[in-house]
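Take a look at the structure below.
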Amino acid sequence: MAEGQISVRAAQASDIPAVKRVLRETFEGTWLPHITKASAQRYVEADLGGRYVDESWPEFTVAEIDGDIAGLIHWRGDFIEAVHVRANRQGQGVGRKLLSHAEQAIGAAGFPQARLETDTFNERAQGLYKAVGYVEKGRYPDDEWDSGFTTVLFEKRLGGPTS
């Protein structure tokens with residue numbers, strides 16, 4: 001799929017159900033196979049993904065293809081809090097388009113870099129981040145999942161407001 005067929009826009013309240021589906025799908029496909037049963041149960045019972053969307057959706061940017069939400073990105077300051085792309089849309093340029101959009105906004109806000117994290121098991125995300133210019137800056141224990149993961153911090157230098 002050509003990147004030109006992907007539209008990026010601010011999330012709307014009407015997107016909340018679709019955005020929650022994106023988070024559920026990426027949780028089940030990316031994290032669930034790696035986390036402990038207790039961590040998975042805690043995530044589901046506390047509805048962590050749903051609560052995150054309910055609290056933060058006005059700050060989300062979504063990617064749409066043919067009227068369907070294909071992915072989302074959320075950043076604060078220079079830190080990209082979340083990038084999620086539906087499994088059936090991965091490899092179609094959605095993640096790249098969302099990252100580029102966020103980087104432009106972060107640069108326009110005056111930050112010299114964009115930062116984000118992923119876990120070592122998420123090799124697909126690491127490959128994308130490296131392919132679009134992110135550099136590994138550190139590794140440290142991931143306390144969020146209580147599963148013994150290692151978090152990888154990435155940073156990309158931005159060229160200013162026009163990056």
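Ordered as shown in the structure tokens, chains take letters A, B, and onward, while each chain numbers its residues from 1 and ligands are numbered from 1 in the order shown.
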Residue contacts of Ile16 of chain A (12 Å, only C-alpha atoms) excluding same-chain residues fewer than 2 positions away, as an MDAnalysis selection string: chainID A and resid 10:14 18:23 49:62 69 72
Lys156 of chain A: which residues within 7 Å, counting only C-alpha atoms, same-chain residues fewer than 6 positions away excluded, as a PyMOL selection string? chain A and resi 113-115+133-135
Which residues of segment 33-93 of chain A come within 10 Å of segment 147-155 of chain A, and for each one, what is the closest pair of atoms and their distance in Å to one decimal, counting only C-alpha atoms, sorted by chain and residue number, as a Markdown table?
```
| residue | atom | partner | partner_atom | distance |
| --- | --- | --- | --- | --- |
| A:His34 | CA | A:Ser147 | CA | 8.1 |
| A:Ile35 | CA | A:Ser147 | CA | 5.7 |
| A:Thr36 | CA | A:Ser147 | CA | 5.9 |
| A:Lys37 | CA | A:Ser147 | CA | 9.5 |
| A:Ala38 | CA | A:Ser147 | CA | 9.3 |
| A:Ser39 | CA | A:Ser147 | CA | 7.5 |
| A:Asp78 | CA | A:Glu155 | CA | 9.6 |
| A:Phe79 | CA | A:Glu155 | CA | 9.1 |
```
Next, write the just-selected residues to a file, as a short mmCIF file (atom, residue, chain, number, x, y, z; two decimals), in the first residue's frame, keeping C-alpha atoms as the atom set.
```cif
data_model
loop_
_atom_site.label_atom_id
_atom_site.label_comp_id
_atom_site.auth_asym_id
_atom_site.auth_seq_id
_atom_site.Cartn_x
_atom_site.Cartn_y
_atom_site.Cartn_z
CA HIS A 34 5.97 -12.46 26.17
CA ILE A 35 4.51 -11.32 29.47
CA THR A 36 3.71 -13.41 32.52
CA LYS A 37 0.21 -14.73 33.05
CA ALA A 38 -0.10 -12.49 36.13
CA SER A 39 0.89 -9.39 34.15
CA ASP A 78 9.80 15.15 22.85
CA PHE A 79 8.78 11.68 24.06
#
```
Closest contacts (segment 22-75 of chain A/segment 105-109 of chain A, max 12 Å, only C-alpha atoms) as CSV:
```
residue,atom,partner,partner_atom,distance
A:Thr61,CA,A:Ala105,CA,11.1
A:Ile73,CA,A:Ala105,CA,11.9
A:His74,CA,A:Ile106,CA,11.2
A:Trp75,CA,A:Ile106,CA,8.4
```
Atom CA of Asp142 of chain A and atom CA of Gly95 of chain A, how far apart in Å? 22.9 Å
Which of these, A:Arg86, A:Asp66, A:Glu144, A:Ala102, has the shortest distance to Gly29 of chain A once you count only C-alpha atoms? A:Arg86
